file structure_3.txt (compact mmCIF, C-alpha atoms and all ligand atoms)
# COMPACT_ATOMS: atom_id res chain seq x y z
CA ASP A 68 12.64 -34.85 7.98
CA GLY A 69 13.00 -32.00 10.40
CA GLU A 70 16.22 -31.02 8.69
CA VAL A 71 16.37 -27.28 7.99
CA VAL A 72 16.89 -26.35 4.36
CA HIS A 73 17.83 -22.84 3.26
CA CYS A 74 17.11 -21.23 -0.09
CA ILE A 75 20.40 -20.77 -1.93
CA GLY A 76 19.06 -17.56 -3.45
CA CYS A 77 18.09 -15.52 -0.42
CA GLY A 78 19.05 -17.71 2.51
CA ALA A 79 15.52 -17.92 3.89
CA LYS A 80 14.48 -21.06 5.76
CA VAL A 81 12.54 -23.15 3.27
CA GLN A 82 8.94 -24.00 4.23
CA THR A 83 6.04 -25.55 2.33
CA THR A 84 3.03 -24.33 4.29
CA ASN A 85 2.57 -20.54 4.00
CA LYS A 86 2.50 -19.16 0.44
CA ASP A 87 2.81 -15.54 1.50
CA ALA A 88 5.65 -16.00 3.94
CA LEU A 89 9.36 -16.11 3.36
CA GLY A 90 11.00 -19.26 2.05
CA TYR A 91 7.82 -20.78 0.64
CA THR A 92 8.53 -23.60 -1.79
CA PRO A 93 5.93 -25.99 -3.22
CA LYS A 94 6.53 -29.54 -1.92
CA SER A 95 7.26 -30.91 -5.39
CA ALA A 96 9.82 -28.19 -6.07
CA LEU A 97 11.49 -28.87 -2.74
CA GLU A 98 11.84 -32.57 -3.53
CA LYS A 99 13.27 -31.83 -6.95
CA GLY A 100 15.62 -29.25 -5.49
CA LEU A 101 16.90 -31.65 -2.84
CA GLN A 102 17.71 -34.19 -5.58
CA ASN A 103 19.71 -31.58 -7.52
CA GLY A 104 21.26 -30.14 -4.38
CA GLU A 105 19.89 -26.66 -5.28
CA VAL A 106 16.82 -25.51 -3.41
CA TYR A 107 15.36 -22.14 -4.36
CA CYS A 108 12.33 -20.70 -2.63
CA GLN A 109 9.49 -19.79 -4.97
CA ARG A 110 10.30 -16.13 -4.72
CA CYS A 111 13.91 -16.61 -5.88
CA PHE A 112 12.77 -19.13 -8.49
CA ARG A 113 10.47 -16.55 -10.03
CA LEU A 114 13.14 -13.93 -9.81
CA ARG A 115 15.61 -16.19 -11.65
CA HIS A 116 13.27 -17.42 -14.33
CA TYR A 117 10.84 -14.58 -14.89
CA ASN A 118 12.83 -11.56 -13.69
CA GLU A 119 9.98 -11.00 -11.36
CA ILE A 120 9.85 -10.46 -7.65
CA ALA A 121 6.87 -11.69 -5.64
CA PRO A 122 5.57 -9.88 -2.57
CA VAL A 123 6.36 -11.54 0.72
CA SER A 124 5.41 -10.63 4.25
CA LEU A 125 6.96 -11.08 7.67
CA SER A 126 5.64 -11.42 11.18
CA ASP A 127 5.94 -8.38 13.47
CA ASP A 128 8.86 -9.87 15.38
CA ASP A 129 10.90 -10.70 12.33
CA PHE A 130 10.11 -7.34 10.83
CA LEU A 131 11.38 -5.56 13.92
CA LYS A 132 14.60 -7.57 13.66
CA LEU A 133 14.90 -6.53 10.04
CA LEU A 134 14.37 -2.85 10.89
CA THR A 135 16.88 -3.09 13.69
CA SER A 136 19.46 -4.49 11.31
CA ILE A 137 18.80 -1.62 8.90
CA SER A 138 19.23 0.92 11.69
CA GLY A 139 22.76 -0.41 12.15
CA THR A 140 23.70 0.41 8.56
CA ASP A 141 24.82 3.64 6.94
CA SER A 142 22.32 3.82 4.12
CA LEU A 143 19.49 5.58 2.33
CA ILE A 144 16.01 4.36 3.27
CA VAL A 145 13.42 4.46 0.50
CA TYR A 146 10.02 4.27 2.18
CA VAL A 147 7.17 3.38 -0.20
CA VAL A 148 3.60 4.37 0.71
CA ASP A 149 0.26 4.15 -1.07
CA ILE A 150 -1.05 7.71 -1.52
CA PHE A 151 -4.59 6.32 -1.16
CA ASP A 152 -3.86 4.69 2.13
CA VAL A 153 -1.18 6.60 3.98
CA ASN A 154 -2.37 5.44 7.38
CA GLY A 155 -2.45 1.83 6.18
CA SER A 156 1.08 2.38 4.85
CA LEU A 157 2.61 3.34 8.18
CA ILE A 158 5.37 1.11 9.48
CA PRO A 159 5.02 1.01 13.26
CA GLY A 160 8.10 2.54 14.85
CA LEU A 161 9.89 3.29 11.59
CA HIS A 162 11.14 6.64 12.88
CA ARG A 163 12.81 4.92 15.81
CA PHE A 164 14.58 2.46 13.57
CA VAL A 165 15.96 4.54 10.75
CA GLY A 166 18.30 6.30 13.16
CA ASP A 167 20.27 9.00 11.41
CA ASN A 168 19.73 7.46 8.01
CA PRO A 169 17.98 9.74 5.52
CA VAL A 170 14.48 8.68 4.40
CA LEU A 171 13.27 9.28 0.87
CA LEU A 172 9.48 9.07 0.93
CA VAL A 173 7.86 7.61 -2.18
CA GLY A 174 4.12 8.04 -2.75
CA ASN A 175 3.01 5.31 -5.17
CA LYS A 176 -0.13 4.88 -7.34
CA LEU A 177 -0.14 8.42 -8.74
CA ASP A 178 -1.79 7.05 -11.90
CA VAL A 179 -5.16 6.82 -10.18
CA LEU A 180 -5.29 10.52 -9.26
CA PRO A 181 -7.30 12.73 -11.63
CA ALA A 182 -5.06 14.96 -13.75
CA SER A 183 -6.64 18.04 -12.16
CA ILE A 184 -4.77 17.42 -8.93
CA LYS A 185 -1.61 19.41 -8.41
CA GLU A 186 1.31 17.13 -7.62
CA ARG A 187 2.82 19.75 -5.37
CA LYS A 188 -0.26 19.67 -3.15
CA VAL A 189 -0.14 15.92 -2.86
CA ARG A 190 3.55 16.06 -2.07
CA ASP A 191 3.07 18.70 0.65
CA TRP A 192 0.20 16.76 2.15
CA LEU A 193 2.20 13.55 2.16
CA ARG A 194 5.11 15.28 3.85
CA GLN A 195 2.79 16.58 6.57
CA ARG A 196 1.36 13.12 7.14
CA ALA A 197 4.88 11.74 7.44
CA ASN A 198 5.87 14.50 9.87
CA SER A 199 2.94 13.76 12.12
CA ALA A 200 4.06 10.11 12.19
CA GLY A 201 7.50 11.28 13.33
CA ILE A 202 9.23 10.81 9.97
CA ARG A 203 11.12 13.71 8.42
CA PRO A 204 11.83 12.74 4.82
CA ILE A 205 14.68 14.42 2.96
CA ASP A 206 12.41 14.49 -0.06
CA VAL A 207 9.03 13.26 -1.32
CA GLU A 208 8.64 11.60 -4.73
CA LEU A 209 5.38 10.69 -6.45
CA ILE A 210 5.42 7.78 -8.87
CA SER A 211 3.33 5.11 -10.47
CA ALA A 212 5.11 1.78 -10.29
CA LYS A 213 2.40 0.27 -12.47
CA THR A 214 2.69 2.70 -15.39
CA ASN A 215 6.39 3.41 -14.76
CA PHE A 216 5.59 7.10 -14.33
CA ASP A 217 8.61 8.98 -12.91
CA VAL A 218 10.39 5.76 -11.88
CA ASP A 219 13.38 7.10 -13.87
CA HIS A 220 13.28 10.30 -11.91
CA LEU A 221 13.06 8.37 -8.65
CA LEU A 222 16.18 6.40 -9.60
CA ASP A 223 18.00 9.69 -10.31
CA GLN A 224 16.94 11.00 -6.90
CA ILE A 225 18.06 7.79 -5.22
CA GLU A 226 21.43 8.12 -6.93
CA LYS A 227 21.69 11.70 -5.71
CA TYR A 228 20.68 11.02 -2.10
CA ARG A 229 22.39 7.70 -1.51
CA ASP A 230 25.77 9.41 -1.73
CA GLY A 231 27.66 6.19 -2.46
CA LYS A 232 25.77 4.12 0.14
CA ASP A 233 23.42 1.13 0.05
CA VAL A 234 19.69 1.67 -0.41
CA TYR A 235 17.00 -0.15 1.59
CA VAL A 236 13.48 -0.18 0.14
CA VAL A 237 10.88 -0.65 2.87
CA GLY A 238 7.09 -0.66 2.90
CA VAL A 239 4.07 -2.52 4.25
CA THR A 240 2.24 -5.00 2.01
CA ASN A 241 -0.08 -3.77 -0.77
CA VAL A 242 1.62 -0.41 -1.29
CA GLY A 243 3.17 -1.60 -4.57
CA LYS A 244 6.73 -2.13 -3.38
CA SER A 245 7.16 -5.33 -5.41
CA THR A 246 5.77 -3.63 -8.50
CA LEU A 247 8.31 -0.85 -8.01
CA ILE A 248 11.21 -3.25 -7.45
CA ASN A 249 10.20 -5.08 -10.64
CA ALA A 250 10.28 -1.80 -12.55
CA VAL A 251 13.75 -1.13 -11.11
CA ILE A 252 14.95 -4.62 -12.00
CA ARG A 253 13.77 -4.15 -15.59
CA GLN A 254 15.96 -1.07 -15.81
CA SER A 255 19.03 -2.46 -14.10
CA THR A 256 21.61 -5.16 -14.59
CA GLY A 257 21.01 -8.76 -15.65
CA ILE A 258 19.23 -11.16 -13.38
CA LYS A 259 22.19 -13.54 -13.01
CA GLU A 260 24.19 -10.97 -11.16
CA LEU A 261 21.19 -10.20 -9.04
CA ILE A 262 20.96 -13.72 -7.70
CA THR A 263 24.70 -14.07 -7.21
CA THR A 264 24.91 -11.07 -4.94
CA SER A 265 22.16 -12.42 -2.73
CA ARG A 266 23.60 -15.92 -2.49
CA PHE A 267 24.63 -16.38 1.10
CA PRO A 268 23.57 -19.92 2.01
CA GLY A 269 22.63 -20.55 5.58
CA THR A 270 21.93 -16.99 6.63
CA THR A 271 18.49 -15.48 6.84
CA LEU A 272 18.94 -12.36 4.82
CA ASP A 273 15.31 -11.77 3.96
CA ARG A 274 16.44 -9.51 1.19
CA ILE A 275 17.04 -9.25 -2.52
CA ASP A 276 20.01 -7.21 -3.66
CA ILE A 277 19.95 -5.30 -6.91
CA PRO A 278 23.56 -4.39 -7.61
CA LEU A 279 24.49 -0.80 -8.37
CA ASN A 280 27.53 0.18 -10.42
CA ASP A 281 29.75 1.06 -7.45
CA GLY A 282 29.54 -2.20 -5.53
CA HIS A 283 26.56 -1.05 -3.49
CA SER A 284 23.00 -2.35 -3.81
CA ILE A 285 19.35 -1.52 -3.76
CA VAL A 286 17.94 -3.95 -1.21
CA ASP A 287 14.33 -5.10 -1.33
CA THR A 288 12.95 -6.08 2.08
CA PRO A 289 9.78 -8.01 2.90
CA GLY A 290 6.64 -6.06 3.74
CA ILE A 291 4.83 -6.18 7.03
CA ILE A 292 1.07 -6.64 7.24
CA GLN A 293 -0.63 -3.45 8.41
CA PRO A 294 -3.99 -4.65 9.76
CA GLU A 295 -5.63 -1.23 9.47
CA GLN A 296 -5.97 -1.51 5.70
CA MET A 297 -9.34 -1.73 4.01
CA ALA A 298 -7.64 -4.44 1.93
CA HIS A 299 -7.58 -6.81 4.90
CA HIS A 300 -11.37 -6.79 5.19
CA LEU A 301 -11.88 -7.83 1.59
CA VAL A 302 -10.91 -10.77 -0.61
CA GLY A 303 -10.13 -11.28 -4.30
CA LYS A 304 -12.58 -9.54 -6.61
CA GLU A 305 -14.06 -7.50 -3.76
CA LEU A 306 -10.75 -5.75 -3.39
CA ASN A 307 -10.62 -4.77 -7.08
CA LEU A 308 -14.06 -3.21 -6.81
CA VAL A 309 -12.92 -0.94 -3.99
CA THR A 310 -9.27 -0.19 -4.80
CA PRO A 311 -8.98 2.41 -7.57
CA GLN A 312 -7.55 0.56 -10.58
CA LYS A 313 -7.41 3.34 -13.18
CA THR A 314 -7.53 7.13 -13.20
CA ILE A 315 -10.48 8.16 -11.07
CA LYS A 316 -13.36 9.96 -12.76
CA PRO A 317 -14.86 12.26 -10.12
CA LYS A 318 -18.65 12.06 -9.65
CA ILE A 319 -20.69 14.96 -8.35
CA TYR A 320 -23.75 14.38 -6.13
CA GLN A 321 -26.15 17.20 -5.30
CA LEU A 322 -27.15 16.43 -1.72
CA ASN A 323 -29.57 17.96 0.72
CA PRO A 324 -28.86 17.87 4.45
CA GLU A 325 -29.68 14.49 6.00
CA GLN A 326 -28.80 12.50 2.89
CA THR A 327 -26.44 9.54 2.77
CA LEU A 328 -24.21 7.91 0.18
CA PHE A 329 -23.23 4.25 0.50
CA PHE A 330 -20.06 3.01 -1.19
CA GLY A 331 -21.04 -0.57 -1.79
CA GLY A 332 -21.21 -1.91 1.76
CA VAL A 333 -17.68 -0.88 2.72
CA ALA A 334 -18.13 2.78 3.57
CA ARG A 335 -20.69 5.51 3.97
CA PHE A 336 -20.89 9.31 3.81
CA ASP A 337 -23.55 11.50 5.47
CA TYR A 338 -24.33 15.15 4.84
CA ASP A 339 -25.61 15.76 8.38
CA SER A 340 -26.33 19.49 8.35
CA GLY A 341 -25.61 22.74 6.51
CA ASP A 342 -27.38 25.57 4.70
CA GLY A 343 -29.26 23.59 2.07
CA LYS A 344 -28.27 21.78 -1.10
CA HIS A 345 -24.59 21.42 -2.09
CA GLY A 346 -22.46 19.54 -4.61
CA PHE A 347 -20.30 16.77 -3.13
CA THR A 348 -17.61 15.26 -5.36
CA VAL A 349 -16.76 11.60 -4.91
CA TYR A 350 -13.29 10.26 -5.82
CA ALA A 351 -13.40 6.46 -5.69
CA GLU A 352 -12.97 3.41 -7.91
CA ASN A 353 -15.05 4.11 -11.06
CA ASN A 354 -16.97 0.83 -10.83
CA LEU A 355 -17.82 1.00 -7.15
CA TYR A 356 -21.61 1.13 -6.67
CA ILE A 357 -22.75 4.32 -4.96
CA HIS A 358 -26.24 4.40 -3.48
CA ARG A 359 -27.99 7.55 -2.30
CA THR A 360 -30.62 7.41 0.44
CA LYS A 361 -32.13 9.40 3.29
CA LEU A 362 -30.07 9.59 6.46
CA GLU A 363 -33.00 8.50 8.63
CA ASN A 364 -33.38 5.29 6.58
CA ALA A 365 -29.69 4.60 6.20
CA GLU A 366 -29.17 2.22 9.09
CA ALA A 367 -32.15 0.00 8.25
CA PHE A 368 -31.23 0.09 4.57
CA TYR A 369 -27.69 -1.07 5.35
CA GLU A 370 -28.91 -3.94 7.48
CA LYS A 371 -31.35 -5.07 4.85
CA HIS A 372 -29.11 -4.78 1.78
CA LEU A 373 -25.57 -5.47 2.98
CA GLY A 374 -24.14 -8.22 0.75
CA ASP A 375 -26.62 -7.80 -2.12
CA LEU A 376 -27.27 -4.25 -3.32
CA LEU A 377 -24.59 -2.93 -0.97
CA SER A 378 -21.63 -5.05 -2.00
CA PRO A 379 -18.76 -5.69 -1.52
CA PRO A 380 -18.67 -7.51 0.88
CA SER A 381 -20.37 -10.39 -0.90
CA GLU A 382 -23.42 -12.13 0.59
CA ASN A 383 -21.49 -15.08 2.02
CA ARG A 384 -18.93 -12.86 3.72
CA LYS A 385 -21.12 -10.10 5.11
CA ASP A 386 -21.31 -11.66 8.57
CA ASP A 387 -17.52 -11.43 8.91
CA PHE A 388 -17.44 -7.82 7.77
CA PRO A 389 -16.78 -5.40 10.66
CA PRO A 390 -19.47 -2.81 11.48
CA LEU A 391 -18.94 0.68 10.09
CA GLU A 392 -17.77 3.34 12.54
CA ARG A 393 -18.77 6.97 12.29
CA HIS A 394 -16.35 9.92 12.20
CA GLU A 395 -17.93 13.39 12.28
CA PHE A 396 -16.39 16.57 10.85
CA LYS A 397 -17.41 20.23 10.78
CA THR A 398 -15.76 22.12 7.93
CA SER A 399 -14.48 25.69 7.94
CA GLN A 400 -13.10 25.50 4.39
CA LYS A 401 -13.56 23.36 1.29
CA SER A 402 -12.24 19.97 2.43
CA ASP A 403 -11.76 16.32 1.52
CA VAL A 404 -13.17 13.63 3.81
CA VAL A 405 -10.74 10.79 3.16
CA ILE A 406 -11.65 7.15 3.72
CA GLU A 407 -8.29 5.49 3.50
CA GLY A 408 -7.88 2.80 0.87
CA LEU A 409 -11.12 3.88 -0.78
CA GLY A 410 -10.91 7.54 -1.82
CA TRP A 411 -12.51 10.77 -0.65
CA VAL A 412 -15.47 13.13 -0.87
CA THR A 413 -14.85 16.84 -1.44
CA VAL A 414 -17.22 18.86 0.75
CA PRO A 415 -17.95 22.61 0.96
CA SER A 416 -17.19 24.94 3.85
CA ASP A 417 -19.54 25.24 6.85
CA VAL A 418 -21.20 21.84 6.81
CA VAL A 419 -21.30 18.92 9.23
CA VAL A 420 -20.57 15.60 7.54
CA SER A 421 -19.69 12.05 8.61
CA GLY A 422 -17.48 9.42 7.04
CA TRP A 423 -18.03 5.78 7.99
CA ALA A 424 -15.52 2.96 7.56
CA PRO A 425 -14.81 -0.46 9.07
CA LYS A 426 -13.26 -0.26 12.53
CA GLY A 427 -9.53 0.46 12.28
CA VAL A 428 -9.69 1.96 8.79
CA SER A 429 -8.88 5.62 9.18
CA VAL A 430 -11.23 8.43 8.15
CA LEU A 431 -9.77 11.92 8.18
CA ILE A 432 -10.20 15.43 6.84
CA ARG A 433 -7.78 17.59 4.87
CA PRO A 434 -7.97 20.86 2.93
CA ALA A 435 -9.39 20.05 -0.52
CA MET A 436 -6.76 18.89 -3.02
CA ILE A 437 -8.68 20.35 -5.97
P1 LIG A 501 3.51 -4.99 -2.21
O1 LIG A 501 2.74 -5.91 -1.31
O2 LIG A 501 3.81 -3.68 -1.56
O3 LIG A 501 4.72 -5.62 -2.79
O4 LIG A 501 2.51 -4.59 -3.38
P2 LIG A 501 2.32 -5.14 -4.87
O5 LIG A 501 3.45 -4.68 -5.74
O6 LIG A 501 2.02 -6.58 -4.83
O7 LIG A 501 1.02 -4.30 -5.29
C1 LIG A 501 -0.20 -4.37 -4.56
C2 LIG A 501 -1.36 -4.00 -5.47
O8 LIG A 501 -1.25 -2.64 -5.88
C3 LIG A 501 -1.39 -4.80 -6.78
O9 LIG A 501 -2.74 -5.06 -7.10
C4 LIG A 501 -0.76 -3.87 -7.79
O10 LIG A 501 -1.21 -4.11 -9.10
C5 LIG A 501 -1.22 -2.53 -7.29
N1 LIG A 501 -0.27 -1.47 -7.66
C6 LIG A 501 1.05 -1.45 -7.44
N2 LIG A 501 1.60 -0.31 -7.90
C7 LIG A 501 0.58 0.41 -8.45
C8 LIG A 501 0.50 1.69 -9.10
O11 LIG A 501 1.47 2.42 -9.31
N3 LIG A 501 -0.75 2.07 -9.50
C9 LIG A 501 -1.86 1.31 -9.32
N4 LIG A 501 -3.03 1.78 -9.76
N5 LIG A 501 -1.81 0.11 -8.70
C10 LIG A 501 -0.61 -0.33 -8.28

call {"tool": "encode", "arguments": {"input": "structure_3.txt", "output": "structure tokens", "more": "lines below"}}
Ligand code: GDP
result
Amino acid sequence: DGEVVHCIGCGAKVQTTNKDALGYTPKSALEKGLQNGEVYCQRCFRLRHYNEIAPVSLSDDDFLKLLTSISGTDSLIVYVVDIFDVNGSLIPGLHRFVGDNPVLLVGNKLDVLPASIKERKVRDWLRQRANSAGIRPIDVELISAKTNFDVDHLLDQIEKYRDGKDVYVVGVTNVGKSTLINAVIRQSTGIKELITTSRFPGTTLDRIDIPLNDGHSIVDTPGIIQPEQMAHHLVGKELNLVTPQKTIKPKIYQLNPEQTLFFGGVARFDYDSGDGKHGFTVYAENNLYIHRTKLENAEAFYEKHLGDLLSPPSENRKDDFPPLERHEFKTSQKSDVVIEGLGWVTVPSDVVVSGWAPKGVSVLIRPAMI
């Protein structure tokens, strides 16, 4: 009745309205908890009973407060990004907040990259992207939280770089931070201890502490929603059709100038001009429908078929889907045109090509990774 209740696990203010926000507790669980005098939010409940951490997001304001509080600590920052969506992984202002604290950059979802890609190239590229966002990582690690690939190695690196300090794991939503924390939890101490160390009733800690052997912790923090993700334009099954789920099998298309490829209805690639026919290699989710057509027909085709042949988005959601925006590139070497969150097309030297994506989703060019 207007009385504020705090989760005894994490200290978050308990609320029953927003499933994805901090402190969410189903009404029935809240009532039960009040009777027993022990209210856990759903996130802490799942952590206690299933050893599993659920993703949770924060508003911009609260997230800034959280970052500010981290900047006041002497710690190692572990910054998790999705290697398929680096732009959509950027935390606004992170470089201003980490202060002098070292940042270990972790590129997640390595399992979806074809084996032919050199890890060193991906690492160098990721470091450059971080640098241009004003972040100078002390090191770059590539992992797959889902398959557990190199999570061991990451933990060794964290141990090396933390130098006896606390560790804060930060990342925007959808990059796989919760999956990573779950992998870490599986490898670390018992869950009981985990909850005890984060039990500070009445304070909003917004964090889960995983105790380390020297009295310090690995701290999981909530993610912030980064609106420039392809993910935010899609729902449920649509998202699985676009986000690479398993190792990508590259597909080669022999294109003439003035030909277009549609990636469902979510993106588009044009070979605008060049000296004749070339092979273009597409790296995207294996089940995503790719449709080839003539450039001159492309616009009309899109209008006619968006939501049916060109899907996702599905028919009933196509009117809410933002229009595609064009980004033109002229290549002077073999390059990848990257549509973030979706994948990329490897294009030859000396051609003019265009990548199209929903407004806000970034399209960029890089030297070819393969
Ligand atoms: P969070 O919002 O950052 O906590 O992200 P989640 O851990 O909830 O993961 C977001 C989505 O990415 C889920 O569909 C995960 O299954 C998927 N995911 C997470 N880690 C990996 C990974 O290493 N590889 C792949 N292929 N998918 C991953």

call {"tool": "atom_distance", "arguments": {"input": "structure_3.txt", "atom1": "atom C9 of ligand LIG 501 (chain A)", "atom2": "CA of Val286 (chain A)"}}
result
22.0 Å

call {"tool": "residues_around", "arguments": {"input": "structure_3.txt", "residues": "region 85-100 of chain A", "least_positions_apart": "3", "cutoff": "7 Å", "atoms": "only C-alpha atoms", "output": "ChimeraX atom specification"}}
result
/A:74,79-82,103-106,108-109,123-125

call {"tool": "residues_near_ligand", "arguments": {"input": "structure_3.txt", "ligand": "ligand LIG 501 (chain A)", "cutoff": "9 Å", "atoms": "all atoms listed in the file", "output": "count of residues only"}}
result
44

call {"tool": "closest_residue", "arguments": {"input": "structure_3.txt", "among": "A:Leu161, A:Val349, A:Leu322, A:Ala334", "to": "Val418 (chain A)", "atoms": "all atoms listed in the file"}}
result
A:Leu322

call {"tool": "closest_residue", "arguments": {"input": "structure_3.txt", "among": "A:Ile357, A:Ile137, A:Ala250, A:Leu180", "to": "Leu328 (chain A)", "atoms": "only C-alpha atoms"}}
result
A:Ile357
